[in-house]
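One structure is given below, encoded as structure tokens.
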Amino acid sequence: MKNRNDNRYMTDQQIRQQIVQNRIETKLLVLEPVGYPVESNFIESPQIEVSNKELFEIYAKEQWNGYRVHKNQYIFDQKLMPDFAFQVAEARPDNSYITNNTSILVIAPESNVNLLKTQRDICFDDVIGQEKAKSKTKIITKYLEEPEKFNGWAPKNILFYGMPGTGKTMLAQALANELNVNIQMIKATSLIGNHVGDGSSQIHELYAQARLKKPTVIFIDEIDAIALERKYQSLRGDVTEIVNALLTEMDGMDDNDSVITICATNNPSLLDYAIRSRFEEEIEFTLPDEEDRLKILEKNMKTLPLECMFNLNDCVEKTKGFSGRDIKQKVLKTALHKAISESKEVITDEDIDYAISESHKEFVKSDAMFS
Ligand SMILES: Nc1ncnc2c1ncn2[C@@H]1O[C@H](COP(=O)(O)OP(=O)(O)OP(=O)(O)O)[C@@H](O)[C@H]1O
Ligand SMILES: [Mg+2]
């Protein structure tokens, strides 16, 4: 019988694997490409970009399986580009061992994650109403300015929910502009990739980037597209992995402080319960009341290219139940286009009434579709 300690017939990798047994396994390893330790004429400094994450993982594990890794350590590629260095941006847990189950990510200084563009000109004052949401975002601002004041009681995961067009994305944009910190905005649908695992590795990449540049706010828009209640998940293809990745990240580890997640949805009741329970606060965005509708109208009228001669109070009255987006897109824009198409110089009650009746027709149509 073969002696258990007899390593003669084992490959290097098997030996390492044996060592790894009973040790703490690296769950996630995030690497940053650094370069070669020496310069010479025949080595050009390559720009590393991983095009196939799955293949890279196989390749990386083959040579580093069994390695012990900790933050900031360098590890070298010995195969394709001998001595090319990667620095460990994050090993989770720190001081653990790479195994076949380790997720390995290479991140470029600029993330590959499909981030939403922030609209630079929006500020808090542009968001009308939604006082509860605004005061929560102010708490986030305070925390990011003076984290020590919160002594471990930091805001972490927050849900914005409510009717479409009520200012959820807008407030996140304003937060991004007003805060002097990094904010990563992403649309959940962009996480659904072609391959199983694409989305979950994008989630890990998103948070790994966030931790590198912390303090960071992560805003995931339209979260219901992925974090659906379990019974709906199969409808969207395999999003279970994405949900699990998100759960891990939202729970966070100690080093996740100063990373705040805000998610937005129209319909919180569709959300996976495990995800939903991670939110410390759910903030509702409501339809604008009379005063808010007046402010939204006044603000948007300033940028209209035609003079407004309609009765503002009537318009406020008639737009009850409209969201900020409806007021802008369905009422003012349609009225403007009608006036322009009729070669008029001013927007009158007639144009506004036309726009409102057209949008009522649309509401009826969409109600019929969902009933
Ligand atoms: N509270 C508000 N104050 C001012 N403008 C608003 C407000 N809500 C909506 N708007 C207008 O409507 C547009 C769309 O709003 P936004 O994209 O923030 O809605 P949302 O709540 O994210 O909607 P959805 O749930 O469909 O994503 C804004 O760009 C703005 O012009
Ligand atoms: Mg939105």
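Quick note on naming: the chains in the structure tokens go A, B, ... in the order shown, residues restart at 1 in each chain, and ligands are numbered from 1 in order of appearance.
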inquiry  = Neighbouring residues of ligand 1 are defined here as those with any atom at most 7 Å from a ligand atom, counting only C-alpha atoms and all ligand atoms; list them as a list in words.
reply    =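 After applying the 7 Å limit, what remains is Asp126, Val127, Ile128, Gly129, Gln130, Gly162, Met163, Pro164, Gly165, Thr166, Gly167, Lys168, Thr169, Met170, Leu171, Glu222, Thr265, Asn266, Pro288, Ile296, Ser323, Gly324, Arg325 and Lys328 of chain A.
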Would you mind listing what lies within 8 Å of segment 329-338 of chain A as an mmCIF file with C-alpha atoms, in the first residue's frame, with only C-alpha atoms counted and same-chain residues fewer than 5 positions away left out?
data_model
loop_
_atom_site.group_PDB
_atom_site.id
_atom_site.type_symbol
_atom_site.label_atom_id
_atom_site.label_comp_id
_atom_site.auth_asym_id
_atom_site.auth_seq_id
_atom_site.Cartn_x
_atom_site.Cartn_y
_atom_site.Cartn_z
ATOM 1 C CA MET A 301 -41.372 75.607 -17.861
ATOM 2 C CA LEU A 304 -39.352 75.521 -22.639
ATOM 3 C CA LEU A 306 -41.971 78.833 -26.210
ATOM 4 C CA ILE A 347 -48.287 77.288 -25.349
ATOM 5 C CA ASP A 351 -52.207 72.495 -25.910
ATOM 6 C CA ILE A 352 -52.052 71.499 -22.253
ATOM 7 C CA TYR A 354 -54.718 68.062 -25.452
ATOM 8 C CA ALA A 355 -51.569 66.654 -23.816
ATOM 9 C CA ILE A 356 -53.435 65.708 -20.641
ATOM 10 C CA SER A 359 -51.900 60.872 -21.530
#
Residue nearest ligand 2 among A:Asp224, A:Asp292, A:Glu241, A:Asp198 (counting only C-alpha atoms and all ligand atoms):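 Counting only C-alpha atoms and all ligand atoms, the residue closest to ligand 2 is A:Asp224.
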- Write down as a list in words the residues of segment 137-258 of chain A whose backbone DSSP state falls under strand (DSSP E or B). Asn157, Ile158, Leu159, Phe160, Tyr161, Gly162, Asn182, Ile183, Gln184, Met185, Ile186, Lys187, Thr216, Val217, Ile218, Phe219, Ile220, Asp221 and Leu228 of chain A
request  = Run DSSP on the backbone of this structure and report the residues of segment 66-273 of chain A it assigns to helix (DSSP H, G or I), as a VMD selection string.
outcome  = chain A and resid 124 to 126 131 to 145 147 to 150 168 to 178 188 to 191 198 to 212 223 to 225 230 to 236 240 to 251 254 to 256 268 to 270 273
Resulting file, chosen residues, C-alpha atoms, as a PDB file, in the first residue's frame:
ATOM      1  CA  PHE A 124     -30.456  67.744  -4.413  1.00  0.00           C
ATOM      2  CA  ASP A 125     -32.519  70.897  -4.890  1.00  0.00           C
ATOM      3  CA  ASP A 126     -33.643  69.722  -8.314  1.00  0.00           C
ATOM      4  CA  GLU A 131     -38.242  64.679   1.788  1.00  0.00           C
ATOM      5  CA  LYS A 132     -37.755  61.345   3.545  1.00  0.00           C
ATOM      6  CA  ALA A 133     -35.479  60.079   0.813  1.00  0.00           C
ATOM      7  CA  LYS A 134     -33.555  63.326   0.770  1.00  0.00           C
ATOM      8  CA  SER A 135     -32.966  63.275   4.499  1.00  0.00           C
ATOM      9  CA  LYS A 136     -31.678  59.700   4.245  1.00  0.00           C
ATOM     10  CA  THR A 137     -29.257  60.712   1.524  1.00  0.00           C
ATOM     11  CA  LYS A 138     -28.092  63.553   3.760  1.00  0.00           C
ATOM     12  CA  ILE A 139     -27.344  61.009   6.491  1.00  0.00           C
ATOM     13  CA  ILE A 140     -25.271  59.075   3.978  1.00  0.00           C
ATOM     14  CA  THR A 141     -23.399  62.270   3.134  1.00  0.00           C
ATOM     15  CA  LYS A 142     -22.753  62.906   6.835  1.00  0.00           C
ATOM     16  CA  TYR A 143     -21.531  59.370   7.342  1.00  0.00           C
ATOM     17  CA  LEU A 144     -19.123  59.573   4.448  1.00  0.00           C
ATOM     18  CA  GLU A 145     -17.764  62.863   5.755  1.00  0.00           C
ATOM     19  CA  PRO A 147     -17.564  57.940   9.582  1.00  0.00           C
ATOM     20  CA  GLU A 148     -16.101  57.892  13.109  1.00  0.00           C
ATOM     21  CA  LYS A 149     -19.208  59.677  14.426  1.00  0.00           C
ATOM     22  CA  PHE A 150     -21.316  56.653  13.598  1.00  0.00           C
ATOM     23  CA  LYS A 168     -35.449  57.580  -7.593  1.00  0.00           C
ATOM     24  CA  THR A 169     -32.737  57.578 -10.235  1.00  0.00           C
ATOM     25  CA  MET A 170     -32.647  61.348 -10.181  1.00  0.00           C
ATOM     26  CA  LEU A 171     -31.921  61.455  -6.451  1.00  0.00           C
ATOM     27  CA  ALA A 172     -29.120  58.919  -6.868  1.00  0.00           C
ATOM     28  CA  GLN A 173     -27.626  61.101  -9.617  1.00  0.00           C
ATOM     29  CA  ALA A 174     -27.871  64.116  -7.314  1.00  0.00           C
ATOM     30  CA  LEU A 175     -26.164  62.176  -4.544  1.00  0.00           C
ATOM     31  CA  ALA A 176     -23.373  61.263  -6.943  1.00  0.00           C
ATOM     32  CA  ASN A 177     -22.860  64.888  -7.854  1.00  0.00           C
ATOM     33  CA  GLU A 178     -23.102  66.377  -4.398  1.00  0.00           C
ATOM     34  CA  ALA A 188     -29.420  45.589 -12.811  1.00  0.00           C
ATOM     35  CA  THR A 189     -30.380  44.368 -16.287  1.00  0.00           C
ATOM     36  CA  SER A 190     -26.835  44.982 -17.489  1.00  0.00           C
ATOM     37  CA  LEU A 191     -25.699  42.259 -15.072  1.00  0.00           C
ATOM     38  CA  ASP A 198     -21.150  36.584 -15.745  1.00  0.00           C
ATOM     39  CA  GLY A 199     -23.523  38.490 -13.530  1.00  0.00           C
ATOM     40  CA  SER A 200     -22.193  37.179 -10.238  1.00  0.00           C
ATOM     41  CA  SER A 201     -18.606  37.977 -11.158  1.00  0.00           C
ATOM     42  CA  GLN A 202     -19.698  41.461 -12.223  1.00  0.00           C
ATOM     43  CA  ILE A 203     -21.285  41.931  -8.796  1.00  0.00           C
ATOM     44  CA  HIS A 204     -18.085  40.858  -7.064  1.00  0.00           C
ATOM     45  CA  GLU A 205     -16.086  43.103  -9.379  1.00  0.00           C
ATOM     46  CA  LEU A 206     -18.359  46.026  -8.657  1.00  0.00           C
ATOM     47  CA  TYR A 207     -17.870  45.637  -4.907  1.00  0.00           C
ATOM     48  CA  ALA A 208     -14.165  44.911  -5.217  1.00  0.00           C
ATOM     49  CA  GLN A 209     -13.751  48.181  -7.113  1.00  0.00           C
ATOM     50  CA  ALA A 210     -15.887  49.931  -4.534  1.00  0.00           C
ATOM     51  CA  ARG A 211     -13.726  48.683  -1.678  1.00  0.00           C
ATOM     52  CA  LEU A 212     -10.576  49.763  -3.466  1.00  0.00           C
ATOM     53  CA  ILE A 223     -33.024  45.748  -8.861  1.00  0.00           C
ATOM     54  CA  ASP A 224     -36.218  43.721  -9.413  1.00  0.00           C
ATOM     55  CA  ALA A 225     -34.814  42.697 -12.805  1.00  0.00           C
ATOM     56  CA  ARG A 230     -37.305  32.826  -5.992  1.00  0.00           C
ATOM     57  CA  LYS A 231     -40.426  31.604  -7.718  1.00  0.00           C
ATOM     58  CA  TYR A 232     -39.948  34.136 -10.535  1.00  0.00           C
ATOM     59  CA  GLN A 233     -36.214  33.711 -10.921  1.00  0.00           C
ATOM     60  CA  SER A 234     -36.435  30.994 -13.563  1.00  0.00           C
ATOM     61  CA  LEU A 235     -38.427  33.386 -15.745  1.00  0.00           C
ATOM     62  CA  ARG A 236     -35.361  35.567 -16.084  1.00  0.00           C
ATOM     63  CA  THR A 240     -29.915  32.797  -8.759  1.00  0.00           C
ATOM     64  CA  GLU A 241     -26.138  33.143  -8.873  1.00  0.00           C
ATOM     65  CA  ILE A 242     -26.414  36.898  -9.137  1.00  0.00           C
ATOM     66  CA  VAL A 243     -28.764  36.990  -6.179  1.00  0.00           C
ATOM     67  CA  ASN A 244     -26.367  34.901  -4.127  1.00  0.00           C
ATOM     68  CA  ALA A 245     -23.420  37.098  -5.056  1.00  0.00           C
ATOM     69  CA  LEU A 246     -25.397  40.170  -4.102  1.00  0.00           C
ATOM     70  CA  LEU A 247     -26.406  38.643  -0.770  1.00  0.00           C
ATOM     71  CA  THR A 248     -22.780  37.924   0.070  1.00  0.00           C
ATOM     72  CA  GLU A 249     -21.766  41.453  -0.810  1.00  0.00           C
ATOM     73  CA  MET A 250     -24.652  43.123   0.973  1.00  0.00           C
ATOM     74  CA  ASP A 251     -23.885  41.231   4.152  1.00  0.00           C
ATOM     75  CA  ASP A 254     -15.621  44.142   8.208  1.00  0.00           C
ATOM     76  CA  ASP A 255     -13.867  45.696   5.270  1.00  0.00           C
ATOM     77  CA  ASN A 256     -17.167  46.544   3.672  1.00  0.00           C
ATOM     78  CA  PRO A 268     -40.608  45.787  -3.759  1.00  0.00           C
ATOM     79  CA  SER A 269     -43.146  42.981  -3.385  1.00  0.00           C
ATOM     80  CA  LEU A 270     -41.458  41.171  -6.296  1.00  0.00           C
ATOM     81  CA  TYR A 273     -37.119  37.943   0.491  1.00  0.00           C
TER      82      TYR A 273
END
- Task: Using only C-alpha atoms, determine which residues lie at most 7 Å from Ser103 of chain A, disregarding the query and same-chain residues fewer than 4 positions distant; provide the list as a PyMOL selection string.
- Result: chain A and resi 27-29
Next, dump the selected residues to file, keeping only N, CA and C atoms, as a PDB file, in the first residue's frame.
ATOM      1  N   LYS A  27     -12.234  32.533  -0.776  1.00  0.00           N
ATOM      2  CA  LYS A  27     -13.511  32.550  -1.504  1.00  0.00           C
ATOM      3  C   LYS A  27     -13.394  33.452  -2.728  1.00  0.00           C
ATOM      4  N   LEU A  28     -12.767  34.588  -2.525  1.00  0.00           N
ATOM      5  CA  LEU A  28     -12.673  35.551  -3.618  1.00  0.00           C
ATOM      6  C   LEU A  28     -11.269  36.149  -3.629  1.00  0.00           C
ATOM      7  N   LEU A  29     -10.673  36.145  -4.811  1.00  0.00           N
ATOM      8  CA  LEU A  29      -9.350  36.743  -4.958  1.00  0.00           C
ATOM      9  C   LEU A  29      -9.439  37.801  -6.046  1.00  0.00           C
TER      10      LEU A  29
END
Using only C-alpha atoms and all ligand atoms, the shortest atom-to-atom distance to ligand 2 among A:Ile58, A:Ala89, A:Ile220, A:Ile158 belongs to A:Ile220
Worksheet item: Residues at most 6 Å from His70 of chain A, counting only C-alpha atoms, excluding those fewer than 2 positions away in the same chain, as a ChimeraX atom specification?
Response: /A:73,91,94-95
Residues from last step as file, N, CA and C atoms, as a short mmCIF file (atom, residue, chain, number, x, y, z; two decimals), in the first residue's frame:
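This went into out.cif:
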data_model
loop_
_atom_site.label_atom_id
_atom_site.label_comp_id
_atom_site.auth_asym_id
_atom_site.auth_seq_id
_atom_site.Cartn_x
_atom_site.Cartn_y
_atom_site.Cartn_z
N GLN A 73 -0.06 41.46 -1.39
CA GLN A 73 1.01 40.57 -1.79
C GLN A 73 1.10 40.53 -3.33
N ALA A 91 -8.05 39.52 -0.82
CA ALA A 91 -8.22 38.08 -0.67
C ALA A 91 -9.26 37.92 0.42
N ASP A 94 -8.74 37.12 4.20
CA ASP A 94 -7.32 37.42 4.04
C ASP A 94 -6.52 36.24 4.59
N ASN A 95 -5.31 36.04 4.05
CA ASN A 95 -4.45 34.95 4.50
C ASN A 95 -5.10 33.59 4.34
#
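Take the candidates A:His360, A:Gly152, A:Glu54, A:Ala264 and check each one against ligand 2 using only C-alpha atoms and all ligand atoms; the shortest distance goes to A:Ala264.
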TODO: Write out as a PyMOL selection string the residues lying within 7 Å of Asn182 of chain A, counting only C-alpha atoms and excluding same-chain residues fewer than 4 positions away.
DONE: chain A and resi 213+215-217
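Of the residues listed (A:Phe219, A:Phe310, A:Phe363, A:Trp64), A:Phe219 shows the shortest atom-to-atom separation from ligand 2; distances use only C-alpha atoms and all ligand atoms.
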Notebook entry, point to check: Which of these, A:Thr102, A:Asn151, A:Ser258, A:Asn267, has the shortest distance to ligand 2 once you count only C-alpha atoms and all ligand atoms?
Noted result: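 Between A:Thr102, A:Asn151, A:Ser258, A:Asn267, the residue approaching ligand 2 most closely is A:Asn267.
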If you count only C-alpha atoms, the residue of A:Leu271, A:Val346, A:Ile192, A:Ile226 closest to Cys308 of chain A turns out to be A:Val346
Near-Val88 of chain A list (7 Å; only C-alpha atoms; drop same-chain fewer than 2 positions) as an mmCIF file with C-alpha atoms, in the first residue's frame:
data_model
loop_
_atom_site.group_PDB
_atom_site.id
_atom_site.type_symbol
_atom_site.label_atom_id
_atom_site.label_comp_id
_atom_site.auth_asym_id
_atom_site.auth_seq_id
_atom_site.Cartn_x
_atom_site.Cartn_y
_atom_site.Cartn_z
ATOM 1 C CA VAL A 30 -9.123 40.095 -6.681
ATOM 2 C CA LEU A 31 -5.955 40.794 -8.619
ATOM 3 C CA GLU A 32 -4.621 43.958 -10.144
ATOM 4 C CA HIS A 70 -3.052 38.077 1.521
ATOM 5 C CA LYS A 71 -3.828 41.672 0.661
ATOM 6 C CA ASN A 72 -1.113 43.633 -1.165
ATOM 7 C CA GLN A 73 1.013 40.569 -1.789
ATOM 8 C CA TYR A 74 2.439 40.048 -5.289
ATOM 9 C CA PHE A 86 -0.284 40.724 -10.096
ATOM 10 C CA GLU A 90 -8.261 41.605 -2.001
ATOM 11 C CA ALA A 91 -8.217 38.075 -0.673
#
